[in-house]
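Structure data (TSV, C-alpha atoms) from target-v9.tsv:
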```tsv
chain	number	residue	atom	x	y	z
E	1	MET	CA	0.00	0.00	0.00
E	2	THR	CA	1.40	3.36	-1.03
E	3	VAL	CA	1.73	5.81	1.83
E	4	VAL	CA	2.62	9.47	1.64
E	5	ALA	CA	3.44	12.22	4.09
E	6	THR	CA	1.13	15.13	4.77
E	7	PRO	CA	1.91	18.25	6.79
E	8	PRO	CA	2.78	17.00	10.28
E	9	ALA	CA	0.28	17.42	13.08
E	10	PRO	CA	0.83	17.29	16.84
E	11	LYS	CA	-0.16	14.10	18.60
E	12	LEU	CA	-3.66	14.22	20.04
E	13	ASP	CA	-3.67	14.31	23.82
E	14	LEU	CA	-6.24	11.52	23.85
E	15	PRO	CA	-5.81	8.57	26.22
E	16	PRO	CA	-6.83	5.01	25.36
E	17	LEU	CA	-10.57	4.40	25.51
E	18	LYS	CA	-11.64	2.57	28.67
E	19	LEU	CA	-14.81	0.49	28.45
E	20	GLY	CA	-15.16	-1.27	31.76
E	21	PRO	CA	-12.34	-3.84	31.86
E	22	LEU	CA	-11.46	-3.25	28.20
E	23	THR	CA	-8.82	-0.83	26.93
E	24	VAL	CA	-8.95	0.31	23.31
E	25	ASP	CA	-5.53	1.82	22.63
E	26	THR	CA	-6.66	3.64	19.48
E	27	PRO	CA	-10.02	5.23	20.42
E	28	VAL	CA	-11.65	4.49	17.07
E	29	ILE	CA	-14.73	2.29	16.61
E	30	LEU	CA	-15.99	0.72	13.41
E	31	ALA	CA	-19.71	1.38	13.33
E	32	PRO	CA	-21.84	-1.73	12.80
E	33	MET	CA	-23.29	-1.68	9.29
E	34	ALA	CA	-25.72	-4.34	8.08
E	35	GLY	CA	-24.28	-6.37	5.24
E	36	ILE	CA	-20.91	-4.62	5.59
E	37	THR	CA	-19.13	-5.22	8.90
E	38	ASN	CA	-18.98	-9.00	8.74
E	39	SER	CA	-15.85	-10.83	9.91
E	40	ALA	CA	-14.22	-10.44	6.47
E	41	PHE	CA	-14.43	-6.64	6.47
E	42	ARG	CA	-13.48	-6.43	10.12
E	43	ARG	CA	-10.34	-8.44	9.45
E	44	LEU	CA	-9.47	-6.24	6.48
E	45	CYS	CA	-9.77	-3.13	8.63
E	46	ARG	CA	-7.76	-4.67	11.47
E	47	GLU	CA	-4.93	-5.37	9.06
E	48	TYR	CA	-4.48	-1.61	8.65
E	49	GLY	CA	-4.96	-0.20	12.12
E	50	GLY	CA	-6.14	-0.54	15.70
E	51	GLY	CA	-9.54	0.13	17.17
E	52	LEU	CA	-12.74	-1.61	18.20
E	53	TYR	CA	-14.52	-3.43	15.38
E	54	VAL	CA	-18.24	-4.03	15.88
E	55	ALA	CA	-20.15	-6.78	14.09
E	56	GLU	CA	-23.32	-6.17	12.08
E	57	MET	CA	-26.45	-5.29	14.05
E	58	VAL	CA	-28.46	-8.35	15.06
E	59	THR	CA	-32.02	-8.40	16.36
E	60	SER	CA	-32.46	-9.73	19.85
E	61	ARG	CA	-35.39	-11.94	18.90
E	62	ALA	CA	-33.46	-13.60	16.07
E	63	LEU	CA	-30.57	-14.23	18.44
E	64	VAL	CA	-32.78	-15.71	21.15
E	65	GLU	CA	-34.38	-17.95	18.52
E	66	ARG	CA	-30.88	-18.89	17.31
E	67	THR	CA	-31.56	-18.32	13.64
E	68	PRO	CA	-28.58	-19.38	11.49
E	69	GLU	CA	-28.11	-15.85	10.15
E	70	SER	CA	-28.06	-14.30	13.63
E	71	LEU	CA	-25.45	-16.81	14.79
E	72	ARG	CA	-23.35	-16.02	11.71
E	73	ILE	CA	-23.57	-12.31	12.44
E	74	ILE	CA	-22.20	-12.71	15.98
E	75	SER	CA	-19.41	-15.08	14.95
E	76	HIS	CA	-15.87	-13.76	15.30
E	77	ASP	CA	-12.45	-14.83	14.14
E	78	GLU	CA	-10.34	-16.53	16.79
E	79	ASP	CA	-7.82	-13.70	16.73
E	80	GLU	CA	-10.33	-10.89	17.29
E	81	ASP	CA	-9.15	-9.57	20.63
E	82	VAL	CA	-12.50	-7.98	21.45
E	83	ARG	CA	-15.64	-9.72	20.22
E	84	SER	CA	-18.04	-6.82	19.81
E	85	VAL	CA	-21.75	-7.36	19.12
E	86	GLN	CA	-24.51	-4.82	18.50
E	87	LEU	CA	-28.09	-5.69	19.48
E	88	TYR	CA	-31.33	-4.15	18.32
E	89	GLY	CA	-34.59	-4.67	20.19
E	90	VAL	CA	-37.76	-3.01	21.41
E	91	ASP	CA	-38.82	-5.46	24.11
E	92	PRO	CA	-36.88	-5.33	27.40
E	93	VAL	CA	-37.48	-9.02	28.09
E	94	THR	CA	-36.18	-10.17	24.72
E	95	VAL	CA	-33.20	-7.82	24.82
E	96	GLY	CA	-32.37	-9.11	28.29
E	97	GLN	CA	-32.57	-12.71	27.10
E	98	ALA	CA	-30.26	-11.93	24.18
E	99	VAL	CA	-27.68	-10.26	26.43
E	100	ARG	CA	-27.89	-13.15	28.89
E	101	MET	CA	-27.25	-15.61	26.05
E	102	LEU	CA	-24.18	-13.67	24.89
E	103	VAL	CA	-22.82	-13.57	28.44
E	104	GLU	CA	-23.59	-17.11	29.58
E	105	GLU	CA	-22.32	-18.68	26.37
E	106	ASP	CA	-19.22	-16.45	26.25
E	107	ARG	CA	-20.02	-15.04	22.80
E	108	ALA	CA	-19.04	-11.38	23.34
E	109	ASP	CA	-16.57	-9.15	25.17
E	110	HIS	CA	-18.48	-5.94	24.43
E	111	ILE	CA	-22.16	-5.34	23.70
E	112	ASP	CA	-23.65	-2.24	22.09
E	113	LEU	CA	-27.35	-1.38	21.90
E	114	ASN	CA	-28.68	0.26	18.75
E	115	PHE	CA	-30.86	3.32	19.26
E	116	GLY	CA	-29.69	5.07	16.11
E	117	CYS	CA	-30.98	3.13	13.12
E	118	PRO	CA	-33.20	5.42	10.96
E	119	VAL	CA	-34.52	2.93	8.40
E	120	PRO	CA	-38.34	2.72	8.20
E	121	LYS	CA	-38.61	-1.03	8.83
E	122	VAL	CA	-37.00	-0.40	12.23
E	123	THR	CA	-38.53	2.94	13.29
E	124	ARG	CA	-42.08	2.02	12.29
E	125	ARG	CA	-41.88	-0.70	14.95
E	126	GLY	CA	-40.69	1.81	17.56
E	127	GLY	CA	-37.07	0.70	17.34
E	128	GLY	CA	-33.76	2.33	16.52
E	129	SER	CA	-33.78	6.11	16.62
E	130	ALA	CA	-37.52	6.18	17.41
E	131	LEU	CA	-37.20	4.33	20.70
E	132	PRO	CA	-35.55	6.88	23.06
E	133	TRP	CA	-38.64	9.07	22.67
E	134	LYS	CA	-40.41	6.62	25.00
E	135	ILE	CA	-38.48	7.27	28.18
E	136	ASP	CA	-39.97	4.37	30.15
E	137	LEU	CA	-39.25	1.84	27.42
E	138	PHE	CA	-35.74	3.15	26.80
E	139	THR	CA	-34.92	3.10	30.51
E	140	SER	CA	-36.24	-0.43	30.94
E	141	ILE	CA	-34.25	-1.80	28.00
E	142	VAL	CA	-30.99	-0.16	29.02
E	143	GLN	CA	-31.29	-1.10	32.69
E	144	THR	CA	-32.17	-4.70	31.85
E	145	ALA	CA	-29.30	-5.00	29.38
E	146	VAL	CA	-26.76	-3.47	31.77
E	147	LYS	CA	-27.89	-5.81	34.55
E	148	GLU	CA	-27.51	-8.90	32.37
E	149	ALA	CA	-24.18	-7.79	30.92
E	150	SER	CA	-22.78	-7.06	34.38
E	151	ARG	CA	-23.16	-10.73	35.30
E	152	GLY	CA	-20.20	-11.41	33.06
E	153	ASN	CA	-18.43	-8.08	33.62
E	154	ILE	CA	-19.17	-7.25	29.97
E	155	PRO	CA	-19.21	-3.50	29.19
E	156	LEU	CA	-22.41	-2.36	27.54
E	157	THR	CA	-22.61	0.81	25.45
E	158	ILE	CA	-25.32	2.55	23.44
E	159	LYS	CA	-25.32	4.28	20.07
E	160	MET	CA	-28.03	6.82	19.32
E	161	ARG	CA	-29.05	9.80	17.20
E	162	LYS	CA	-30.05	13.32	18.24
E	163	GLY	CA	-33.70	12.35	18.11
E	164	ILE	CA	-36.58	11.78	15.75
E	165	ASP	CA	-36.48	15.28	14.25
E	166	GLU	CA	-35.49	18.75	15.40
E	167	ASP	CA	-38.78	19.11	17.28
E	168	HIS	CA	-38.38	15.78	19.07
E	169	LEU	CA	-34.80	15.60	20.33
E	170	THR	CA	-33.91	12.86	22.79
E	171	TYR	CA	-30.14	12.62	23.04
E	172	LEU	CA	-29.55	14.57	26.25
E	173	ASP	CA	-32.28	12.77	28.21
E	174	ALA	CA	-31.23	9.42	26.79
E	175	GLY	CA	-27.58	10.07	27.53
E	176	ARG	CA	-28.27	10.89	31.18
E	177	ILE	CA	-30.55	7.85	31.59
E	178	ALA	CA	-27.93	5.59	30.05
E	179	ARG	CA	-25.20	7.06	32.25
E	180	ASP	CA	-27.32	6.60	35.38
E	181	SER	CA	-28.11	3.02	34.30
E	182	GLY	CA	-24.44	2.11	34.25
E	183	VAL	CA	-23.47	2.02	30.57
E	184	ALA	CA	-19.76	2.08	29.80
E	185	ALA	CA	-20.01	4.75	27.07
E	186	VAL	CA	-22.47	6.63	24.86
E	187	ALA	CA	-21.99	7.25	21.14
E	188	LEU	CA	-23.93	9.97	19.32
E	189	HIS	CA	-24.50	10.30	15.60
E	190	GLY	CA	-25.07	14.00	15.06
E	191	ARG	CA	-28.19	13.60	12.91
E	192	THR	CA	-31.88	13.01	13.55
E	193	ALA	CA	-33.84	10.08	12.17
E	194	ALA	CA	-35.57	12.50	9.79
E	195	GLN	CA	-32.23	13.46	8.24
E	196	PHE	CA	-31.35	9.83	7.51
E	197	TYR	CA	-27.74	10.37	6.29
E	198	SER	CA	-28.37	13.63	4.44
E	199	GLY	CA	-27.01	17.09	5.19
E	200	GLN	CA	-24.28	17.67	7.71
E	201	ALA	CA	-23.82	15.98	11.06
E	202	ASP	CA	-24.32	18.36	13.97
E	203	TRP	CA	-21.07	18.17	15.86
E	204	SER	CA	-22.27	20.88	18.25
E	205	ALA	CA	-24.81	18.39	19.62
E	206	ILE	CA	-21.99	15.93	20.22
E	207	ALA	CA	-20.13	18.65	22.12
E	208	ARG	CA	-23.25	19.37	24.23
E	209	LEU	CA	-23.59	15.71	25.12
E	210	ARG	CA	-19.89	15.54	26.04
E	211	GLU	CA	-20.41	18.51	28.37
E	212	ALA	CA	-23.57	16.99	29.86
E	213	LEU	CA	-21.88	13.65	30.62
E	214	PRO	CA	-18.46	14.45	32.07
E	215	ASP	CA	-18.24	11.19	33.99
E	216	ILE	CA	-18.41	8.57	31.19
E	217	PRO	CA	-16.82	8.29	27.75
E	218	VAL	CA	-18.72	10.00	24.93
E	219	LEU	CA	-18.01	9.03	21.33
E	220	GLY	CA	-18.76	11.09	18.22
E	221	ASN	CA	-20.14	9.80	14.91
E	222	GLY	CA	-21.02	11.47	11.63
E	223	ASP	CA	-19.13	12.89	8.64
E	224	ILE	CA	-15.74	11.38	9.42
E	225	TRP	CA	-14.40	10.88	5.90
E	226	SER	CA	-10.71	11.24	6.70
E	227	ALA	CA	-8.23	11.11	9.54
E	228	GLU	CA	-8.22	14.91	9.56
E	229	ASP	CA	-12.01	14.91	10.11
E	230	ALA	CA	-11.57	12.65	13.13
E	231	VAL	CA	-8.89	14.88	14.64
E	232	ARG	CA	-11.07	17.93	14.05
E	233	MET	CA	-14.07	16.27	15.71
E	234	VAL	CA	-12.04	15.42	18.80
E	235	ARG	CA	-10.72	18.95	19.06
E	236	GLU	CA	-14.08	20.64	18.43
E	237	THR	CA	-16.23	18.42	20.65
E	238	GLY	CA	-13.93	17.00	23.31
E	239	VAL	CA	-15.10	13.43	22.68
E	240	ASP	CA	-13.15	10.46	23.99
E	241	GLY	CA	-13.13	8.69	20.63
E	242	VAL	CA	-14.79	8.50	17.23
E	243	VAL	CA	-17.11	6.08	15.50
E	244	VAL	CA	-16.56	5.60	11.77
E	245	GLY	CA	-19.27	4.27	9.46
E	246	ARG	CA	-19.70	5.13	5.79
E	247	GLY	CA	-16.29	6.82	5.61
E	248	CYS	CA	-14.52	3.45	5.55
E	249	GLN	CA	-16.67	1.86	2.86
E	250	GLY	CA	-14.23	0.88	0.14
E	251	ARG	CA	-11.42	2.35	2.26
E	252	PRO	CA	-10.42	-0.13	4.98
E	253	TRP	CA	-7.04	1.62	5.11
E	254	LEU	CA	-8.77	4.60	6.75
E	255	PHE	CA	-8.13	2.87	10.08
E	256	GLY	CA	-4.41	3.00	9.39
E	257	ASP	CA	-4.73	6.72	8.69
E	258	LEU	CA	-6.72	7.24	11.89
E	259	MET	CA	-4.19	5.42	14.04
E	260	ALA	CA	-1.36	7.42	12.47
E	261	ALA	CA	-3.17	10.74	12.88
E	262	PHE	CA	-4.02	10.13	16.52
E	263	GLU	CA	-0.35	9.36	17.15
E	264	GLY	CA	0.74	12.56	15.40
E	265	SER	CA	2.18	10.79	12.36
E	266	ASP	CA	1.98	12.44	8.94
E	267	VAL	CA	1.70	9.12	7.06
E	268	ARG	CA	-1.49	8.56	5.02
E	269	HIS	CA	-2.58	5.83	2.63
E	270	LYS	CA	-2.94	7.10	-0.94
E	271	PRO	CA	-3.35	3.86	-2.92
E	272	ALA	CA	-2.80	3.60	-6.64
E	273	LEU	CA	-5.32	1.50	-8.52
E	274	ARG	CA	-3.07	-1.57	-8.23
E	275	GLN	CA	-3.28	-1.47	-4.43
E	276	VAL	CA	-7.05	-0.94	-4.58
E	277	ALA	CA	-7.40	-3.99	-6.82
E	278	GLU	CA	-5.33	-6.01	-4.37
E	279	SER	CA	-7.61	-4.94	-1.52
E	280	ILE	CA	-10.73	-5.85	-3.50
E	281	TYR	CA	-9.39	-9.32	-4.20
E	282	ARG	CA	-8.25	-9.78	-0.59
E	283	HIS	CA	-11.71	-8.70	0.58
E	284	ALA	CA	-13.35	-11.23	-1.75
E	285	GLU	CA	-11.09	-14.04	-0.53
E	286	LEU	CA	-12.00	-13.24	3.06
E	287	MET	CA	-15.69	-13.19	2.12
E	288	VAL	CA	-15.35	-16.72	0.71
E	289	GLU	CA	-13.84	-17.81	4.03
E	290	THR	CA	-16.63	-16.07	5.94
E	291	PHE	CA	-19.56	-17.52	4.00
E	292	GLY	CA	-18.04	-20.81	2.86
E	293	ASP	CA	-19.83	-20.24	-0.43
E	294	GLU	CA	-17.96	-18.61	-3.30
E	295	GLY	CA	-21.10	-17.62	-5.17
E	296	LYS	CA	-22.64	-15.89	-2.14
E	297	ALA	CA	-19.34	-14.22	-1.28
E	298	LEU	CA	-18.96	-12.78	-4.78
E	299	ARG	CA	-22.54	-11.51	-4.73
E	300	GLU	CA	-21.76	-9.78	-1.44
E	301	ILE	CA	-18.55	-8.15	-2.74
E	302	ARG	CA	-20.40	-6.50	-5.62
E	303	LYS	CA	-21.87	-3.77	-3.41
E	304	HIS	CA	-18.35	-2.68	-2.42
E	305	MET	CA	-17.08	-2.11	-5.96
E	306	ALA	CA	-18.36	1.45	-6.45
E	307	TRP	CA	-16.94	2.45	-3.06
E	308	TYR	CA	-13.50	1.01	-3.78
E	309	LEU	CA	-13.34	2.57	-7.26
E	310	LYS	CA	-14.73	6.00	-6.33
E	311	GLY	CA	-12.66	8.66	-8.11
E	312	TYR	CA	-10.50	6.25	-10.09
E	313	VAL	CA	-10.55	6.25	-13.90
E	314	VAL	CA	-12.37	3.02	-14.68
E	315	GLY	CA	-14.63	2.72	-17.70
E	316	SER	CA	-18.32	1.95	-17.33
E	317	GLU	CA	-17.99	-1.40	-19.12
E	318	LEU	CA	-15.37	-2.63	-16.65
E	319	ARG	CA	-17.33	-1.25	-13.71
E	320	ASN	CA	-20.43	-3.11	-14.87
E	321	ARG	CA	-18.53	-6.36	-15.23
E	322	LEU	CA	-17.01	-5.98	-11.77
E	323	ALA	CA	-20.51	-5.51	-10.41
E	324	LEU	CA	-21.49	-8.90	-11.85
E	325	VAL	CA	-18.51	-11.10	-10.95
E	326	THR	CA	-19.40	-14.69	-10.14
E	327	SER	CA	-16.11	-16.25	-8.99
E	328	LEU	CA	-12.67	-15.40	-7.68
E	329	GLU	CA	-11.22	-16.44	-11.02
E	330	VAL	CA	-13.48	-14.04	-12.91
E	331	LEU	CA	-12.75	-11.30	-10.37
E	332	ARG	CA	-8.98	-11.76	-10.72
E	333	GLY	CA	-9.13	-11.63	-14.49
E	334	THR	CA	-11.36	-8.56	-14.54
E	335	LEU	CA	-9.22	-6.68	-12.02
E	336	ASP	CA	-6.16	-7.42	-14.17
E	337	GLU	CA	-7.82	-5.52	-17.02
E	338	LEU	CA	-7.73	-2.29	-15.02
E	339	ASP	CA	-5.05	0.29	-15.69
E	340	LEU	CA	-3.23	-0.80	-12.55
E	341	ASP	CA	-0.59	1.90	-12.88
E	342	SER	CA	-3.20	4.65	-12.44
E	343	PRO	CA	-2.14	6.83	-9.49
E	344	TYR	CA	-4.20	7.91	-6.53
E	345	PRO	CA	-6.75	10.44	-7.86
E	346	GLY	CA	-6.71	12.71	-4.82
E	347	ALA	CA	-9.87	14.46	-3.69
E	348	ASP	CA	-12.04	12.56	-6.18
E	349	ALA	CA	-11.47	9.39	-4.16
E	350	GLU	CA	-12.24	11.04	-0.85
E	351	GLY	CA	-15.21	12.63	0.88
E	352	PRO	CA	-18.75	11.29	1.31
E	353	ARG	CA	-19.61	7.82	0.09
E	354	GLY	CA	-22.53	5.47	0.45
E	355	ARG	CA	-26.19	6.34	0.15
E	356	ALA	CA	-27.11	9.51	2.00
E	357	GLY	CA	-30.82	9.35	1.30
E	358	SER	CA	-32.91	12.48	1.66
E	359	PRO	CA	-34.71	14.05	4.62
E	360	LYS	CA	-38.06	12.40	5.18
E	361	LYS	CA	-40.75	12.11	7.79
E	362	PRO	CA	-39.81	9.10	9.93
E	363	ALA	CA	-42.10	6.08	9.89
E	364	LEU	CA	-43.39	5.68	13.44
E	365	PRO	CA	-45.96	3.59	15.30
E	366	LYS	CA	-49.45	5.05	15.64
E	367	ASP	CA	-49.59	8.08	17.98
E	368	TRP	CA	-45.94	7.58	18.94
E	369	LEU	CA	-45.24	11.28	19.41
E	370	LEU	CA	-48.31	12.13	21.50
E	371	ASN	CA	-46.40	11.61	24.74
E	372	ARG	CA	-43.12	10.20	25.99
E	373	SER	CA	-44.57	7.11	27.66
E	374	LEU	CA	-46.06	3.98	26.15
E	375	ASP	CA	-49.85	3.87	26.17
E	376	ALA	CA	-51.79	0.66	26.80
E	377	GLU	CA	-52.08	-0.25	23.11
E	378	GLN	CA	-48.40	0.39	22.44
E	379	SER	CA	-47.44	-1.68	25.48
E	380	ARG	CA	-49.48	-4.61	24.16
E	381	ASP	CA	-47.97	-4.32	20.71
E	382	ILE	CA	-44.34	-3.83	21.66
E	383	SER	CA	-43.61	-7.48	22.46
E	384	PHE	CA	-44.63	-8.39	18.91
E	385	ALA	CA	-42.61	-5.61	17.30
E	386	GLU	CA	-39.24	-7.35	17.20
E	387	LEU	CA	-38.03	-8.08	13.69
E	388	ASP	CA	-36.82	-11.58	12.96
E	389	VAL	CA	-34.13	-10.44	10.54
E	390	SER	CA	-31.17	-8.12	10.86
E	391	GLY	CA	-32.02	-4.43	10.56
E	392	GLY	CA	-30.25	-1.87	8.40
```
Write out the structure in this file as structure tokens.
Amino acid sequence: MTVVATPPAPKLDLPPLKLGPLTVDTPVILAPMAGITNSAFRRLCREYGGGLYVAEMVTSRALVERTPESLRIISHDEDEDVRSVQLYGVDPVTVGQAVRMLVEEDRADHIDLNFGCPVPKVTRRGGGSALPWKIDLFTSIVQTAVKEASRGNIPLTIKMRKGIDEDHLTYLDAGRIARDSGVAAVALHGRTAAQFYSGQADWSAIARLREALPDIPVLGNGDIWSAEDAVRMVRETGVDGVVVGRGCQGRPWLFGDLMAAFEGSDVRHKPALRQVAESIYRHAELMVETFGDEGKALREIRKHMAWYLKGYVVGSELRNRLALVTSLEVLRGTLDELDLDSPYPGADAEGPRGRAGSPKKPALPKDWLLNRSLDAEQSRDISFAELDVSGG
């Protein structure tokens, strides 16, 4: 991988991230992303830099029911030092059962609860970023999960958004409740559910949460596209670490840049197309190992192609063929047709990536916003609201 020097920066005065008994030397967390952060991608990222690498979000009901897909999602490589799992759920009982399973069967070293997912199939059931609006439900889930996790001395954290929309913000209340319930850290994505991934993340909200919770680690998420963005977020908000999501799609080497930047190094990865092609093929090989099915693995790698090739001069015909590869052999041959001597394209390969979506009215359960407590009908419905597949 080609690395180049940028203007030197002073080392951040940022200590390792402490999560209960765990110490994360580089305070950077890979955000769980459905269909992305499987063991193959986590390994690829780990090969470049340090941090905490969280598996894809899994629903608590699916885990309790031991569906094959949920068990795959929580599987980790033997050399993953910290087995990190993110749970989604809307029923305190089911979430508690899922946490208990992870603890009693020694399947995780760190558990995160998702209160940030904005996709309609999650929020319309009262989950994800819709859930903290209901203070009683949120409190019950967090307290139950912390209690179950503490049986195994497993640190439990939460990830959330600012709220449902600008008129229904929840992050300060939720942060204080989580802190008082004994969570190890709180991560905030500086957008509302209504924003989806559009517009700019509100780092000032992250700074307000950091100020409101001086006694536990607060992590910032949103619009970290480069190591310099991460350094700027830490300096502007005072957070104890950063959470990186879409910024690493097609750029697993970003974690190497982040580790270097936090240590004050001026080294950055600026890969020529040859190195990108090598990473794509390595990613595909790891996917085959993960799924044990070459066809499925190659179907999964297709979604990553546009991210890897962003900004590089690659013709539409080759791009289309790469998006339809069916085997490692076909992938290798197609990658070899690229102009592998093409240099790093600079800014064209950087910046936002992934689908941002557009602002939209969040899908919510009936009368969800009328008050901040569950009514009788919502209480009856909530136990049936768990999804039986992984959320987005």
Nearest-residue call for Arg125 in chain E, choices E:Ala98, E:Val90, E:Ile216, E:Val325, using all atoms listed in the file: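 The answer is E:Val90, which sits nearest to Arg125 in chain E.
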Using all atoms listed in the file, which protein or nucleic acid residues come within 7 Å of Ile29 in chain E? Drop anything in the same chain fewer than 3 positions from it, and give the result as a short mmCIF file (atom, residue, chain, number, x, y, z; two decimals) with C-alpha atoms, in the coordinates of the input.
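Okay, result-v9.cif is ready:
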```cif
data_model
loop_
_atom_site.label_atom_id
_atom_site.label_comp_id
_atom_site.auth_asym_id
_atom_site.auth_seq_id
_atom_site.Cartn_x
_atom_site.Cartn_y
_atom_site.Cartn_z
CA GLY E 51 -9.54 0.13 17.17
CA LEU E 52 -12.74 -1.61 18.20
CA TYR E 53 -14.52 -3.43 15.38
CA VAL E 242 -14.79 8.50 17.23
CA VAL E 243 -17.11 6.08 15.50
CA VAL E 244 -16.56 5.60 11.77
#
```
When distances are computed from all atoms listed in the file, which of E:Asn371, E:Ser226, E:Ser181, E:Ser342 shows the smallest separation from Asp257 in chain E? E:Ser226
Which one of E:Asp91, E:Asp240, E:Glu228, E:Glu278 sits closest to Asp336 in chain E if you count only C-alpha atoms?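 Of the candidates, the smallest distance to Asp336 in chain E is held by E:Glu278.
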For Tyr197 in chain E, the nearest of the candidates E:Val93, E:Val119, E:Met305, E:Leu322, counting only C-alpha atoms: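 Closest residue, counting only C-alpha atoms: E:Val119.
One finds CA of Ala306 in chain E at 26.8 Å from CA of Thr192 in chain E.
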Ranking E:Glu289, E:Glu211, E:Glu350, E:Glu104 by minimum distance to Gln249 in chain E and counting all atoms listed in the file, which one comes first?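 Under the stated criterion, the closest residue is E:Glu350.
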Range 315-365 of chain E residues near range 165-180 of chain E within 12 Å, closest pair each, using all atoms listed in the file, as JSON lines:
```
{"residue": "E:Pro359", "atom": "CA", "partner": "E:Asp165", "partner_atom": "CA", "distance": 9.9}
{"residue": "E:Lys360", "atom": "CA", "partner": "E:Asp165", "partner_atom": "CA", "distance": 9.6}
{"residue": "E:Lys361", "atom": "CA", "partner": "E:Asp165", "partner_atom": "CA", "distance": 8.4}
{"residue": "E:Pro362", "atom": "CA", "partner": "E:Asp165", "partner_atom": "CA", "distance": 8.2}
{"residue": "E:Ala363", "atom": "CA", "partner": "E:Asp165", "partner_atom": "CA", "distance": 11.6}
{"residue": "E:Leu364", "atom": "CA", "partner": "E:Asp165", "partner_atom": "CA", "distance": 11.9}
```
